[in-house]
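Contents: one structure, followed by commentary.
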Amino acid sequence: GSHTCTHPMLGQIKDEEKIRAELLNSKKIIEKEIGIAPKAISYPIGSYNVLTKKIAKEVGYEMGLAVDGFVYNPKVQDKFSIPRIEIYEENIMKRILRLSGIISCFKSL
């Protein structure tokens, strides 16, 4: 997958051409280097919005990876908002809480 060229917070960029350049140039570089176009964009810092998803689709990505602490349900969520659960070097109890979504619930409070 791709992760953009300069790691910007895509969801905060208003300029459509800047978003398009970040998504498309990263995709092209990966395809040139390995001979395969990436299917996924992993939004830097999990930052994205409706415009980011629209442009990602337009430039040829098949899915977008966000940062959310819950399990993806393809029946409810679209494939341009697939959550990633961040895993850190942490104790097993905290990892279980993170994977279960409990940490995300507390953060949303």
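Going by the structure tokens order, chains are called A, B, ..., each with residues numbered from 1, while ligands are numbered from 1 in the order shown.
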Report as a PyMOL selection string all protein, DNA and RNA residues lying within 7 Å of His3 in chain A, evaluated on only C-alpha atoms, omitting residues in the same chain fewer than 2 positions from it. chain A and resi 1+5+7+41-44
Same residues, N, CA and C atoms, output as a PDB file, in the first residue's frame:
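Written output follows (out.pdb):
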```pdb
ATOM      1  N   GLY A   1       0.812  -1.193   0.000  1.00  0.00           N
ATOM      2  CA  GLY A   1       0.000   0.000   0.000  1.00  0.00           C
ATOM      3  C   GLY A   1       0.852   1.251   0.000  1.00  0.00           C
ATOM      4  N   CYS A   5       3.450  10.873  -0.266  1.00  0.00           N
ATOM      5  CA  CYS A   5       4.851  11.251  -0.479  1.00  0.00           C
ATOM      6  C   CYS A   5       5.447  11.984   0.715  1.00  0.00           C
ATOM      7  N   HIS A   7       3.620  12.615   3.834  1.00  0.00           N
ATOM      8  CA  HIS A   7       2.950  12.301   5.100  1.00  0.00           C
ATOM      9  C   HIS A   7       2.106  13.447   5.666  1.00  0.00           C
ATOM     10  N   ILE A  41      -4.431   2.836   0.128  1.00  0.00           N
ATOM     11  CA  ILE A  41      -3.793   4.026   0.674  1.00  0.00           C
ATOM     12  C   ILE A  41      -4.012   3.976   2.182  1.00  0.00           C
ATOM     13  N   SER A  42      -2.936   4.118   2.908  1.00  0.00           N
ATOM     14  CA  SER A  42      -3.007   4.183   4.364  1.00  0.00           C
ATOM     15  C   SER A  42      -2.878   5.659   4.724  1.00  0.00           C
ATOM     16  N   TYR A  43      -3.994   6.263   5.125  1.00  0.00           N
ATOM     17  CA  TYR A  43      -4.005   7.704   5.381  1.00  0.00           C
ATOM     18  C   TYR A  43      -3.027   8.062   6.503  1.00  0.00           C
ATOM     19  N   PRO A  44      -2.062   8.960   6.249  1.00  0.00           N
ATOM     20  CA  PRO A  44      -1.122   9.352   7.295  1.00  0.00           C
ATOM     21  C   PRO A  44      -1.846   9.889   8.535  1.00  0.00           C
TER      22      PRO A  44
END
```
Taking only C-alpha atoms into account, produce a table as a tab-separated table in which each residue of range 28-80 of chain A with an atom at most 6 Å from an atom of range 9-18 of chain A appears once, together with its shortest atom pair and the distance in Å to one decimal, ordered by chain and rising number.
```
residue	atom	partner	partner_atom	distance
A:Ser47	CA	A:Gly11	CA	4.9
A:Tyr48	CA	A:Gly11	CA	3.8
A:Asn49	CA	A:Gly11	CA	5.0
```
Distance query range 22-32 of chain A at most 7 Å, only C-alpha atoms, self and fewer than 5 positions along chain excluded, as a PDB file with all heavy atoms, in the first residue's frame:
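That gives us out34.pdb:
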```
ATOM      1  N   SER A   2       0.195   2.340  -0.206  1.00  0.00           N
ATOM      2  CA  SER A   2       0.821   3.655  -0.259  1.00  0.00           C
ATOM      3  C   SER A   2       0.552   4.409   1.037  1.00  0.00           C
ATOM      4  O   SER A   2      -0.390   4.103   1.759  1.00  0.00           O
ATOM      5  CB  SER A   2       0.240   4.426  -1.445  1.00  0.00           C
ATOM      6  OG  SER A   2       0.709   5.740  -1.461  1.00  0.00           O
ATOM      7  N   THR A   4       1.377   8.098   0.939  1.00  0.00           N
ATOM      8  CA  THR A   4       1.634   9.436   0.400  1.00  0.00           C
ATOM      9  C   THR A   4       3.133   9.706   0.259  1.00  0.00           C
ATOM     10  O   THR A   4       3.958   8.886   0.652  1.00  0.00           O
ATOM     11  CB  THR A   4       0.974  10.573   1.221  1.00  0.00           C
ATOM     12  OG1 THR A   4       1.626  10.712   2.478  1.00  0.00           O
ATOM     13  CG2 THR A   4      -0.515  10.344   1.395  1.00  0.00           C
ATOM     14  N   CYS A   5       3.450  10.873  -0.266  1.00  0.00           N
ATOM     15  CA  CYS A   5       4.851  11.251  -0.479  1.00  0.00           C
ATOM     16  C   CYS A   5       5.447  11.984   0.715  1.00  0.00           C
ATOM     17  O   CYS A   5       6.584  11.742   1.085  1.00  0.00           O
ATOM     18  CB  CYS A   5       4.983  12.123  -1.725  1.00  0.00           C
ATOM     19  SG  CYS A   5       4.692  11.226  -3.254  1.00  0.00           S
ATOM     20  N   ALA A  37       1.026  -1.711  -8.993  1.00  0.00           N
ATOM     21  CA  ALA A  37       0.358  -0.540  -8.415  1.00  0.00           C
ATOM     22  C   ALA A  37      -0.250  -0.922  -7.070  1.00  0.00           C
ATOM     23  O   ALA A  37      -0.880  -1.972  -6.947  1.00  0.00           O
ATOM     24  CB  ALA A  37      -0.734  -0.040  -9.354  1.00  0.00           C
ATOM     25  N   PRO A  38      -0.059  -0.086  -6.040  1.00  0.00           N
ATOM     26  CA  PRO A  38      -0.662  -0.395  -4.740  1.00  0.00           C
ATOM     27  C   PRO A  38      -2.180  -0.283  -4.813  1.00  0.00           C
ATOM     28  O   PRO A  38      -2.716   0.580  -5.509  1.00  0.00           O
ATOM     29  CB  PRO A  38      -0.077   0.676  -3.813  1.00  0.00           C
ATOM     30  CG  PRO A  38       0.293   1.793  -4.711  1.00  0.00           C
ATOM     31  CD  PRO A  38       0.675   1.177  -6.023  1.00  0.00           C
ATOM     32  N   ALA A  56      -8.999   9.487  -3.698  1.00  0.00           N
ATOM     33  CA  ALA A  56      -8.336   8.175  -3.650  1.00  0.00           C
ATOM     34  C   ALA A  56      -8.989   7.211  -4.641  1.00  0.00           C
ATOM     35  O   ALA A  56      -8.297   6.478  -5.360  1.00  0.00           O
ATOM     36  CB  ALA A  56      -8.377   7.612  -2.236  1.00  0.00           C
ATOM     37  N   VAL A  59      -8.042   8.253  -8.346  1.00  0.00           N
ATOM     38  CA  VAL A  59      -6.678   7.960  -8.822  1.00  0.00           C
ATOM     39  C   VAL A  59      -6.384   6.462  -8.856  1.00  0.00           C
ATOM     40  O   VAL A  59      -5.297   6.060  -9.230  1.00  0.00           O
ATOM     41  CB  VAL A  59      -5.591   8.734  -8.032  1.00  0.00           C
ATOM     42  CG1 VAL A  59      -5.810  10.224  -8.143  1.00  0.00           C
ATOM     43  CG2 VAL A  59      -5.504   8.284  -6.597  1.00  0.00           C
TER      44      VAL A  59
END
```
Those of chain A in DSSP strand (DSSP E), formatted as a ChimeraX atom specification: /A:40-42,63-67,82-84
